[in-house]
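K.L.:
Pasting start.txt below, which is compact mmCIF, C-alpha atoms.
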```
# COMPACT_ATOMS: atom_id res chain seq x y z
CA MET X 1 83.19 57.22 78.12
CA LYS X 2 82.14 60.82 77.51
CA LYS X 3 84.50 63.44 78.93
CA LEU X 4 82.93 66.75 80.01
CA ILE X 5 83.19 69.86 82.14
CA THR X 6 80.40 71.91 83.74
CA ALA X 7 80.24 75.69 84.14
CA LEU X 8 76.93 76.20 85.92
CA LEU X 9 77.71 77.82 89.28
CA ASN X 10 76.16 74.66 90.70
CA LYS X 11 78.44 72.04 92.27
CA ASN X 12 75.48 69.71 92.84
CA VAL X 13 75.02 69.10 89.09
CA ASN X 14 78.74 68.43 88.71
CA GLU X 15 78.73 65.86 91.52
CA LYS X 16 75.56 64.13 90.29
CA LEU X 17 76.98 63.66 86.79
CA LYS X 18 80.04 61.93 88.30
CA GLU X 19 77.72 59.13 89.47
CA TYR X 20 77.22 57.92 85.89
CA ASP X 21 79.74 55.25 84.82
CA GLU X 22 79.59 56.36 81.18
CA ILE X 23 80.54 59.95 82.03
CA GLU X 24 83.89 61.31 83.17
CA VAL X 25 83.65 64.79 84.70
CA ILE X 26 87.13 66.27 84.28
CA MET X 27 87.05 69.10 86.83
CA ASN X 28 84.97 70.67 89.56
CA ASP X 29 82.23 73.06 88.43
CA ILE X 30 83.81 76.12 86.75
CA GLN X 31 82.71 79.47 88.21
CA TYR X 32 83.76 81.99 85.53
CA GLN X 33 84.02 82.19 81.73
CA GLU X 34 87.81 82.33 81.53
CA GLY X 35 87.95 79.03 83.43
CA ILE X 36 86.36 77.23 80.46
CA ILE X 37 89.11 78.43 78.12
CA GLU X 38 91.77 77.40 80.63
CA ALA X 39 90.18 73.95 81.03
CA LEU X 40 90.01 73.33 77.26
CA GLU X 41 93.65 74.30 76.81
CA ALA X 42 94.68 71.96 79.63
CA HIS X 43 92.36 69.08 78.60
CA PRO X 44 91.91 68.92 74.81
CA GLU X 45 90.15 65.55 75.19
CA ILE X 46 86.97 67.22 76.55
CA GLU X 47 83.94 66.32 74.39
CA PHE X 48 81.05 68.13 76.14
CA ILE X 49 80.68 71.43 77.99
CA ILE X 50 77.54 72.31 79.99
CA ILE X 51 77.32 76.11 80.31
CA SER X 52 74.95 78.49 82.04
CA GLU X 53 73.98 81.57 80.04
CA LEU X 54 74.52 83.56 83.24
CA LEU X 55 78.11 82.49 83.89
CA PRO X 56 80.07 85.58 85.09
CA GLY X 57 82.64 87.04 82.72
CA ASN X 58 83.31 89.75 80.15
CA LEU X 59 81.61 88.01 77.17
CA ASP X 60 78.01 87.38 76.24
CA ILE X 61 77.04 83.76 75.47
CA LYS X 62 77.57 84.18 71.70
CA GLU X 63 81.08 85.59 72.13
CA LEU X 64 81.92 82.85 74.64
CA ILE X 65 80.89 80.13 72.16
CA GLU X 66 83.07 81.74 69.47
CA GLU X 67 86.08 81.65 71.82
CA ILE X 68 85.41 78.00 72.73
CA ARG X 69 85.09 76.96 69.08
CA LYS X 70 88.39 78.66 68.24
CA ILE X 71 90.07 76.16 70.57
CA LYS X 72 88.01 73.08 69.63
CA ASN X 73 85.54 73.51 66.80
CA GLU X 74 83.89 70.08 67.13
CA ILE X 75 83.11 70.45 70.87
CA LYS X 76 79.51 69.63 71.86
CA LEU X 77 77.76 72.23 74.00
CA ILE X 78 74.74 72.09 76.29
CA ILE X 79 73.51 75.62 77.02
CA ILE X 80 71.24 76.34 80.00
CA LEU X 81 69.17 79.46 79.28
CA GLU X 82 67.43 81.49 81.96
CA LYS X 83 64.32 82.31 79.90
CA GLU X 84 62.91 81.75 76.42
CA ASN X 85 64.72 83.68 73.70
CA LYS X 86 63.90 82.57 70.13
CA THR X 87 66.51 84.84 68.52
CA LEU X 88 69.26 83.40 70.69
CA GLU X 89 67.93 79.85 70.14
CA ASN X 90 68.09 80.25 66.35
CA TYR X 91 71.65 81.53 66.61
CA LEU X 92 72.73 78.62 68.82
CA PHE X 93 71.08 75.97 66.64
CA ALA X 94 72.75 77.45 63.56
CA LYS X 95 76.17 76.95 65.18
CA GLY X 96 75.66 73.16 65.26
CA ASN X 97 76.47 70.64 68.03
CA ILE X 98 74.47 72.66 70.57
CA ASN X 99 71.58 71.52 72.75
CA ILE X 100 69.43 73.99 74.70
CA PHE X 101 67.62 73.59 78.02
CA TYR X 102 65.85 76.03 80.32
CA ASN X 103 66.83 75.87 83.96
CA ASN X 104 63.24 75.41 85.17
CA GLU X 105 62.42 72.56 82.78
CA ILE X 106 65.27 70.06 82.98
CA LYS X 107 66.58 67.29 85.16
CA ILE X 108 70.13 66.05 85.58
CA LYS X 109 69.00 62.64 84.35
CA GLU X 110 67.90 64.15 81.02
CA ILE X 111 71.28 65.86 80.58
CA ALA X 112 73.11 62.63 81.35
CA GLU X 113 70.98 60.64 78.88
CA LEU X 114 71.63 63.24 76.20
CA ILE X 115 75.38 62.92 76.75
CA ILE X 116 75.38 59.12 76.93
CA ASN X 117 72.74 58.06 74.43
CA LYS X 118 71.58 60.91 72.29
CA ASN X 119 74.59 62.05 70.35
CA ARG X 120 72.79 62.91 67.12
CA LYS X 121 75.74 62.20 64.87
CA GLU X 122 76.19 58.70 66.26
CA GLU X 123 72.44 58.05 66.00
CA LEU X 124 72.41 59.16 62.37
CA GLU X 125 75.36 56.95 61.50
CA LYS X 126 73.67 54.00 63.19
CA GLU X 127 70.41 54.61 61.30
CA ILE X 128 72.26 54.86 57.97
CA ASN X 129 74.15 51.62 58.65
CA GLU X 130 70.90 49.84 59.54
CA LEU X 131 69.32 51.14 56.36
CA LYS X 132 72.28 49.94 54.31
CA LYS X 133 71.95 46.46 55.81
CA ILE X 134 68.33 46.31 54.71
CA ILE X 135 69.20 47.72 51.28
CA LEU X 136 71.93 45.11 50.75
CA ASN X 137 69.68 42.32 52.08
CA LYS X 138 72.25 41.22 54.65
CA GLU X 139 69.95 40.95 57.66
CA GLU X 140 70.23 37.64 59.52
CA ASN X 141 67.18 35.36 59.83
CA VAL X 142 65.44 37.01 56.91
CA GLU X 143 63.50 34.91 54.39
CA LYS X 144 63.97 36.15 50.83
CA SER X 145 61.66 36.02 47.87
CA GLU X 146 61.71 37.48 44.38
CA ASN X 147 60.31 40.87 45.32
CA LYS X 148 59.91 40.90 49.12
CA ILE X 149 61.51 40.00 52.46
CA ILE X 150 59.82 38.68 55.58
CA LYS X 151 61.19 39.86 58.92
CA ASN X 152 59.58 39.16 62.29
CA ASN X 153 56.50 37.88 60.48
CA GLU X 154 56.10 41.23 58.72
CA GLU X 155 56.19 41.51 54.96
CA ILE X 156 58.54 44.23 53.64
CA LYS X 157 58.93 45.11 50.00
CA LEU X 158 62.50 44.75 48.72
CA ILE X 159 64.27 47.88 47.53
CA THR X 160 65.52 47.85 43.96
CA GLU X 161 69.03 48.95 43.00
CA ASP X 162 67.71 52.21 41.54
CA GLU X 163 65.69 52.94 44.71
CA LYS X 164 68.77 52.20 46.79
CA LYS X 165 70.81 54.74 44.80
CA GLU X 166 68.00 57.28 45.10
CA ILE X 167 67.88 56.89 48.90
CA GLU X 168 71.66 57.26 49.19
CA LYS X 169 71.46 60.33 46.96
CA GLU X 170 68.74 61.86 49.18
CA ILE X 171 70.81 61.22 52.30
CA LYS X 172 73.84 62.87 50.69
CA ASN X 173 71.79 65.84 49.43
CA GLU X 174 70.17 66.33 52.84
CA TYR X 175 73.58 66.31 54.51
CA GLU X 176 75.07 68.79 52.03
CA LYS X 177 72.00 71.02 52.20
CA ASN X 178 72.25 71.25 55.99
CA LEU X 179 75.98 71.83 55.74
CA ILE X 180 75.45 74.70 53.30
CA LYS X 181 72.59 76.08 55.41
CA ASN X 182 74.74 76.07 58.55
CA LYS X 183 77.60 77.76 56.74
CA LEU X 184 75.18 80.38 55.41
CA PHE X 185 73.73 80.96 58.88
CA ASN X 186 77.22 81.35 60.30
CA LYS X 187 78.14 83.91 57.65
CA ILE X 188 74.95 85.87 58.26
CA PHE X 189 75.41 85.91 62.04
CA ARG X 190 79.06 86.91 61.71
CA PHE X 191 78.00 89.76 59.42
CA PHE X 192 75.35 91.01 61.86
CA LYS X 193 77.79 90.68 64.74
CA ARG X 194 80.33 92.85 62.91
CA GLU X 195 77.67 95.39 61.95
CA ASN X 196 76.34 95.46 65.51
CA GLU X 197 79.80 96.03 66.94
CA LYS X 198 80.39 98.85 64.47
CA ASN X 199 77.41 100.71 65.90
CA LYS X 200 77.89 99.55 69.45
CA SER X 201 78.91 102.07 72.05
CA LYS X 202 78.39 102.41 75.74
CA LEU X 203 76.36 105.21 77.25
CA ILE X 204 77.84 106.12 80.63
CA VAL X 205 76.04 108.61 82.88
CA ILE X 206 78.08 110.34 85.60
CA THR X 207 75.76 111.60 88.30
CA GLY X 208 75.55 112.45 91.97
CA CYS X 209 74.89 115.46 94.16
CA THR X 210 76.35 118.88 93.39
CA GLY X 211 80.02 119.44 94.23
CA VAL X 212 81.18 115.83 94.56
CA GLY X 213 83.69 116.09 91.67
CA LYS X 214 81.73 114.74 88.71
CA THR X 215 83.41 116.96 86.12
CA VAL X 216 86.99 116.30 87.22
CA PHE X 217 86.23 112.57 87.34
CA THR X 218 84.61 112.68 83.86
CA ILE X 219 87.70 114.26 82.34
CA ASN X 220 90.20 111.98 84.05
CA ILE X 221 88.29 108.80 83.24
CA SER X 222 87.94 109.85 79.59
CA LYS X 223 91.72 110.33 79.42
CA GLU X 224 92.19 106.83 80.88
CA LEU X 225 89.78 105.35 78.29
CA GLU X 226 91.68 107.24 75.60
CA LYS X 227 94.80 105.27 76.58
CA GLN X 228 92.81 102.10 75.75
CA ASN X 229 92.37 103.42 72.18
CA LYS X 230 88.69 104.27 72.72
CA LYS X 231 86.93 107.17 71.02
CA ILE X 232 84.94 109.22 73.52
CA LEU X 233 82.29 111.91 73.37
CA ILE X 234 81.70 113.88 76.58
CA ILE X 235 78.38 115.71 76.86
CA ASP X 236 78.19 118.38 79.55
CA PHE X 237 74.72 119.02 80.95
CA ASP X 238 75.95 121.40 83.64
CA TYR X 239 73.26 124.05 83.25
CA PHE X 240 75.12 126.89 84.97
CA ASN X 241 78.80 126.34 84.27
CA ASN X 242 79.51 124.25 81.14
CA SER X 243 83.03 123.88 82.51
CA ILE X 244 84.41 120.81 80.74
CA GLN X 245 85.75 122.62 77.67
CA THR X 246 87.37 125.21 79.97
CA LEU X 247 89.14 122.49 81.96
CA PHE X 248 90.43 121.08 78.68
CA GLY X 249 91.72 124.54 77.76
CA LYS X 250 89.17 125.09 74.96
CA ASN X 251 87.42 128.35 75.77
CA ILE X 252 84.44 129.16 73.55
CA LYS X 253 82.85 132.60 73.42
CA ASN X 254 79.30 132.74 74.73
CA ASN X 255 77.90 134.11 71.47
CA GLU X 256 79.43 131.36 69.31
CA ASN X 257 77.88 128.11 68.12
CA LYS X 258 74.41 128.66 69.51
CA ILE X 259 71.84 126.17 68.30
CA GLN X 260 68.65 127.36 66.72
CA GLU X 261 65.46 125.38 67.24
CA LYS X 262 64.82 123.13 64.24
CA ASN X 263 61.79 121.38 62.81
CA ASN X 264 63.03 117.79 63.13
CA ILE X 265 65.62 115.63 64.86
CA GLN X 266 67.88 115.26 61.81
CA GLU X 267 68.25 119.04 61.50
CA GLU X 268 68.98 119.30 65.22
CA GLN X 269 71.48 116.45 64.83
CA ASN X 270 73.32 118.43 62.17
CA GLU X 271 73.27 121.49 64.39
CA ILE X 272 74.72 119.51 67.29
CA LYS X 273 77.61 118.29 65.16
CA LYS X 274 78.52 121.93 64.55
CA ILE X 275 79.21 122.49 68.24
CA ILE X 276 81.39 119.43 68.84
CA ILE X 277 84.72 120.56 70.28
CA LYS X 278 87.73 118.46 69.24
CA ILE X 279 90.03 117.97 72.24
CA ASN X 280 92.30 115.51 70.42
CA SER X 281 91.97 112.61 67.99
CA LYS X 282 90.11 110.47 70.56
CA ILE X 283 88.13 112.89 72.76
CA ASP X 284 85.28 115.19 71.66
CA VAL X 285 83.19 117.44 73.88
CA ILE X 286 79.73 118.98 73.60
CA SER X 287 79.09 121.61 76.26
CA LYS X 288 76.17 123.57 74.83
CA MET X 289 73.36 121.01 75.02
CA ASN X 290 71.40 123.40 77.24
CA ASN X 291 70.97 125.77 74.27
CA ILE X 292 68.66 123.30 72.54
CA ASN X 293 64.93 123.55 73.13
CA PHE X 294 64.02 119.87 73.37
CA ASN X 295 60.33 119.18 72.89
CA ASN X 296 60.59 116.09 75.10
CA GLU X 297 63.09 113.67 76.62
CA ILE X 298 62.49 111.08 73.86
CA GLU X 299 63.79 113.59 71.32
CA LEU X 300 66.92 114.07 73.43
CA PHE X 301 67.48 110.33 73.66
CA LYS X 302 67.11 109.83 69.90
CA ILE X 303 69.73 112.47 69.21
CA ILE X 304 72.19 110.88 71.63
CA ASN X 305 71.41 107.42 70.27
CA ASN X 306 72.36 108.59 66.76
CA LEU X 307 75.66 109.95 68.07
CA LYS X 308 76.51 106.51 69.51
CA LYS X 309 77.36 105.25 66.02
CA GLU X 310 80.52 107.37 65.96
CA TYR X 311 81.98 106.68 69.42
CA ASP X 312 83.06 103.80 71.66
CA PHE X 313 81.78 105.65 74.72
CA ILE X 314 79.44 108.58 75.28
CA ILE X 315 79.99 109.96 78.78
CA ILE X 316 77.34 112.34 80.12
CA ASP X 317 78.20 114.69 82.96
CA LEU X 318 74.74 115.10 84.47
CA ASP X 319 73.68 118.13 86.48
CA GLN X 320 70.80 117.24 88.80
CA GLU X 321 70.02 120.95 89.22
CA ASN X 322 69.09 121.24 85.52
CA ARG X 323 65.33 121.73 85.62
CA ASN X 324 64.94 122.26 81.86
CA ILE X 325 65.30 118.58 80.94
CA ASN X 326 63.83 115.40 82.38
CA PHE X 327 66.69 112.88 82.35
CA LYS X 328 64.61 109.83 83.31
CA LYS X 329 64.66 108.10 79.89
CA LEU X 330 68.31 108.97 79.31
CA ILE X 331 69.40 107.47 82.63
CA ASN X 332 67.17 104.41 82.15
CA ASN X 333 68.86 103.66 78.81
CA ALA X 334 72.41 104.10 80.08
CA ASP X 335 74.66 101.04 80.13
CA LYS X 336 76.22 102.13 83.39
CA ILE X 337 75.35 104.87 85.87
CA ILE X 338 78.36 105.96 87.91
CA PHE X 339 76.99 107.62 91.03
CA ILE X 340 79.63 109.72 92.80
CA THR X 341 79.45 110.64 96.45
CA GLU X 342 81.86 112.04 99.01
CA PRO X 343 82.52 109.84 102.07
CA ASN X 344 80.98 112.11 104.71
CA LEU X 345 77.65 111.92 106.55
CA LEU X 346 76.02 114.88 104.80
CA GLN X 347 76.82 113.72 101.26
CA ILE X 348 75.92 110.12 102.03
CA LYS X 349 72.49 111.21 103.25
CA LYS X 350 71.95 113.23 100.05
CA ALA X 351 73.17 110.30 97.95
CA LYS X 352 70.76 107.84 99.60
CA ASN X 353 67.81 110.19 98.96
CA LEU X 354 68.74 110.67 95.30
CA LEU X 355 69.28 106.92 94.78
CA GLU X 356 65.87 106.25 96.34
CA LYS X 357 64.33 108.62 93.77
CA TYR X 358 66.11 106.84 90.90
CA ILE X 359 64.88 103.41 91.94
CA ASN X 360 61.41 104.07 93.37
CA GLU X 361 60.25 106.98 91.21
CA TRP X 362 62.20 106.54 87.98
CA ASP X 363 62.27 102.71 88.00
CA ILE X 364 65.98 102.58 87.22
CA GLU X 365 67.55 99.13 87.49
CA LYS X 366 69.67 98.96 90.61
CA GLU X 367 72.16 96.70 88.81
CA LYS X 368 73.09 99.56 86.46
CA ILE X 369 74.17 101.84 89.33
CA TYR X 370 77.84 101.80 90.33
CA ILE X 371 78.86 103.75 93.44
CA LEU X 372 82.13 105.69 93.37
CA PHE X 373 83.55 107.25 96.54
CA ASN X 374 85.46 110.42 95.65
CA LYS X 375 87.87 112.65 97.61
CA ILE X 376 88.95 109.90 100.03
CA LYS X 377 91.16 111.27 102.88
CA HIS X 378 92.64 109.85 106.06
CA ASP X 379 89.76 111.33 108.12
CA THR X 380 86.86 110.13 105.93
CA ILE X 381 84.53 107.29 106.86
CA CYS X 382 86.20 103.88 106.74
CA PHE X 383 85.86 102.22 103.31
CA ASP X 384 84.51 98.99 104.87
CA ILE X 385 81.71 100.99 106.51
CA LEU X 386 80.96 102.75 103.19
CA LYS X 387 80.66 99.38 101.45
CA GLU X 388 78.26 98.20 104.15
CA VAL X 389 76.09 101.33 103.81
CA PHE X 390 75.84 100.80 100.03
CA LYS X 391 75.92 96.98 100.14
CA ASN X 392 72.86 96.71 97.87
CA TYR X 393 74.71 98.47 95.04
CA ASN X 394 77.72 97.73 92.87
CA ILE X 395 80.84 99.48 94.19
CA ILE X 396 83.05 100.51 91.26
CA GLY X 397 85.89 101.93 93.39
CA LYS X 398 87.28 104.94 95.19
CA ILE X 399 89.40 107.93 94.26
CA ASN X 400 91.74 109.57 96.74
CA PHE X 401 91.58 113.30 97.36
CA ILE X 402 93.73 115.10 94.77
CA LYS X 403 95.97 117.41 96.78
CA ASN X 404 97.13 119.42 93.79
CA CYS X 405 93.69 119.68 92.17
CA ASN X 406 94.06 123.45 91.55
CA THR X 407 97.32 122.88 89.69
CA LEU X 408 95.66 120.12 87.69
CA ILE X 409 92.79 122.43 86.68
CA ASN X 410 95.06 125.37 85.87
CA GLN X 411 97.19 123.12 83.64
CA ASN X 412 94.19 121.93 81.56
CA MET X 413 93.83 118.60 83.43
CA ASN X 414 97.27 117.31 82.44
CA SER X 415 97.41 113.83 83.99
CA TYR X 416 101.10 114.38 84.81
CA PHE X 417 99.94 115.96 88.07
CA LEU X 418 98.03 112.89 89.25
CA GLU X 419 99.74 110.81 91.92
CA ASN X 420 100.60 107.23 90.95
CA LYS X 421 98.07 105.76 93.38
CA ILE X 422 95.28 107.89 91.89
CA LYS X 423 96.34 106.96 88.34
CA LYS X 424 96.06 103.29 89.33
CA GLN X 425 92.60 103.90 90.81
CA TYR X 426 91.40 105.48 87.55
CA LYS X 427 92.95 102.64 85.54
CA ASN X 428 91.05 100.02 87.58
CA ILE X 429 87.77 101.91 87.20
CA ALA X 430 88.30 102.24 83.43
CA LYS X 431 88.70 98.44 83.18
CA LYS X 432 85.36 97.96 84.94
CA ILE X 433 83.68 100.49 82.64
CA ILE X 434 84.97 98.69 79.54
CA LYS X 435 83.50 95.37 80.69
CA ASN X 436 80.37 94.45 78.74
CA ASN X 437 78.00 93.54 81.46
CA LYS X 438 76.59 93.64 84.94
CA ILE X 439 78.22 90.72 86.74
CA LYS X 440 75.90 88.98 89.17
CA LYS X 441 76.00 85.61 90.92
CA TYR X 442 73.39 83.21 89.63
CA TYR X 443 72.78 79.66 90.75
CA LEU X 444 70.83 77.06 88.80
CA GLU X 445 69.11 75.69 91.88
CA LYS X 446 65.95 74.88 89.88
CA ILE X 447 67.72 71.96 88.20
CA GLU X 448 66.33 68.88 89.90
CA ALA X 449 68.53 65.99 90.90
```
Please re-express this file's structure in structure tokens.
P.N.:
Amino acid sequence: MKKLITALLNKNVNEKLKEYDEIEVIMNDIQYQEGIIEALEAHPEIEFIIISELLPGNLDIKELIEEIRKIKNEIKLIIILEKENKTLENYLFAKGNINIFYNNEIKIKEIAELIINKNRKEELEKEINELKKIILNKEENVEKSENKIIKNNEEIKLITEDEKKEIEKEIKNEYEKNLIKNKLFNKIFRFFKRENEKNKSKLIVITGCTGVGKTVFTINISKELEKQNKKILIIDFDYFNNSIQTLFGKNIKNNENKIQEKNNIQEEQNEIKKIIIKINSKIDVISKMNNINFNNEIELFKIINNLKKEYDFIIIDLDQENRNINFKKLINNADKIIFITEPNLLQIKKAKNLLEKYINEWDIEKEKIYILFNKIKHDTICFDILKEVFKNYNIIGKINFIKNCNTLINQNMNSYFLENKIKKQYKNIAKKIIKNNKIKKYYLEKIEA
């Protein structure tokens, strides 16, 4: 009997598989990635796992498979992909013991048959044993002659001893070749994964209407990310004020570090590095981006993309009043867009208009936008009502009104002056920023019973 678990966000599949006598479904359908790890640790006898690519959690499908294989390397996996992805398919096949289906092409019956009858290793062993029987001439009801056998009225040429050895040698070579190939693939993919993670950073855009507290939030959230041992670059696009370095206590004279227009992006990149302000070992700031004459927004994006290699996070404090630069491409390529609004009628109206522009005019993915309610007081609109107003968006959290904000600013944003409740709010938001993905609920309802 094959023992398995499902993690598909679809209880129907789980229940249907229980109807097969040859299959033992250990648990109810698992609804999140961490549940798979917990199940494996509690039930080491599990042989198969059926996983949806879209299962909510902090890992992508490749990372999830790595974690599963750390617990039980020989586990057999059935992966349900949402759409065709040859690169991902090649990676999964190279890992071995993985079968792939697409959620609009499969039936539960096919999955069950795969689990019950189509274990490739067992099939191969059976075929080899059958071949050995023929080679050794041990088949029952077989008439023998000097150089042939007759089976089921069909004449089959006998295999000589040398041919038998050659076949066994080919089987062994084929097995070893595939083993070496899989090991090589694994090494290559691990290498690319490490290289990718070296250059991987998250681009976070902080935006919203003027005066909602974007700059103070940017500084406080960067300090919270710093506690998680992340290296951060803050880029200030406040056209009129460039206040971030001032709030950090790093005043720069107006005539210093001005950037001259250069002939190519690399030269401008070198110029930009000259104006990076070191706040501490983990936080850097650029607050003079407005001094660069960008030829177009693509040029701006390329420069920022090159900077990503050196940081875990690039946080951009975006000024919507800046008319010199079109931020459409930059915002579209952000990993997360934190949209800050104050919880009052006037600011909410402005926020809705700006969000409508982002989605309808700039074609920004709604799933990337995370709403943050700032300056929460006892007399602001109820949080439940705010969530209902912005129910079509991700809500990343809320920050209470900082009573001693002036003291905080005058003391160079020393987090000592934040109340414990506000510190906890920033800590929770930082955790959500660090997460890899946009978590959405998906259901594999296309799988037919």
K.L.:
May I ask which of the residues X:Ile276, X:Met1, X:Leu372, X:Ile30 is the closest one to Gly397 (chain X), counting all atoms listed in the file?
P.N.:
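With all atoms listed in the file as the atom set, the closest residue is X:Leu372.
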K.L.:
For region 37-122 of chain X against region 2-13 of chain X, with a cut-off of 8 Å and counting all atoms listed in the file, what is the closest atom pair and its distance in Å to one decimal for every residue that makes the cut, ordered by chain and number, as a Markdown table?
P.N.:
```
| residue | atom | partner | partner_atom | distance |
| --- | --- | --- | --- | --- |
| X:Glu45 | CA | X:Lys3 | CA | 7.1 |
| X:Ile46 | CA | X:Lys3 | CA | 5.1 |
| X:Glu47 | CA | X:Lys3 | CA | 5.4 |
| X:Phe48 | CA | X:Leu4 | CA | 4.5 |
| X:Ile49 | CA | X:Ile5 | CA | 5.1 |
| X:Ile50 | CA | X:Thr6 | CA | 4.7 |
| X:Ile51 | CA | X:Ala7 | CA | 4.8 |
| X:Ser52 | CA | X:Leu8 | CA | 4.9 |
| X:Leu55 | CA | X:Leu8 | CA | 6.7 |
| X:Ile108 | CA | X:Val13 | CA | 6.7 |
| X:Ile115 | CA | X:Lys2 | CA | 7.1 |
| X:Ile116 | CA | X:Lys2 | CA | 7.0 |
```
K.L.:
How far is it from CA of Lys421 (chain X) to CA of Asn400 (chain X), in Å with one decimal?
P.N.:
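It comes out at 8.1 Å.
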K.L.:
X:Asn374, X:Asn305, X:Asn392, X:Gln31: which is nearest Lys352 (chain X), counting only C-alpha atoms?
P.N.:
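Among the listed residues, X:Asn392 lies closest to Lys352 (chain X).
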K.L.:
Check the smallest atom-to-atom distance from each of X:Thr215, X:Leu40, X:Ile111, X:Asn333 to Leu247 (chain X) using all atoms listed in the file, then report the winner.
P.N.:
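Selected residue with least distance to Leu247 (chain X): X:Thr215.
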K.L.:
For His378 (chain X), which of X:Ile303, X:Phe401, X:Ile100, X:Lys274 is the closest residue, counting only C-alpha atoms?
P.N.:
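Of X:Ile303, X:Phe401, X:Ile100, X:Lys274, the one nearest His378 (chain X) is X:Phe401, counting only C-alpha atoms.
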K.L.:
Fewer than 4 positions away in the same chain doesn't count, so skip those; otherwise give me all residues within 8 Å of Ile337 (chain X), counting only C-alpha atoms, as a list in words.
P.N.:
Ile204, Val205, Ile206, Thr207, Ile331, Lys368, Ile369 and Tyr370 of chain X
K.L.:
Next, dump the selected residues to file, keeping only C-alpha atoms, as a CSV table (one decimal), keeping the file's coordinate frame.
P.N.:
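Output below, filename part_0.csv:
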```csv
chain,number,residue,atom,x,y,z
X,204,ILE,CA,77.8,106.1,80.6
X,205,VAL,CA,76.0,108.6,82.9
X,206,ILE,CA,78.1,110.3,85.6
X,207,THR,CA,75.8,111.6,88.3
X,331,ILE,CA,69.4,107.5,82.6
X,368,LYS,CA,73.1,99.6,86.5
X,369,ILE,CA,74.2,101.8,89.3
X,370,TYR,CA,77.8,101.8,90.3
```
K.L.:
Please report the interatomic distance between CA of Ile283 (chain X) and CA of Leu408 (chain X) in Å with one decimal.
P.N.:
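Taking CA of Ile283 (chain X) and CA of Leu408 (chain X), their separation equals 18.2 Å.
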K.L.:
Write out as a list in words each polymer residue whose atoms come within 12 Å of region 403-405 of chain X, counting only C-alpha atoms; drop sequence neighbours fewer than 2 positions from it.
P.N.:
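With the cut-off at 12 Å, the set is Gly213, Val216, Phe217, Asn220, Leu247, Lys375, Ile376, Lys377, Ile399, Asn400, Phe401, Thr407, Leu408, Ile409, Asn410, Gln411, Asn412, Met413, Asn414, Ser415, Tyr416, Phe417, Leu418, Glu419 and Ile422 of chain X.
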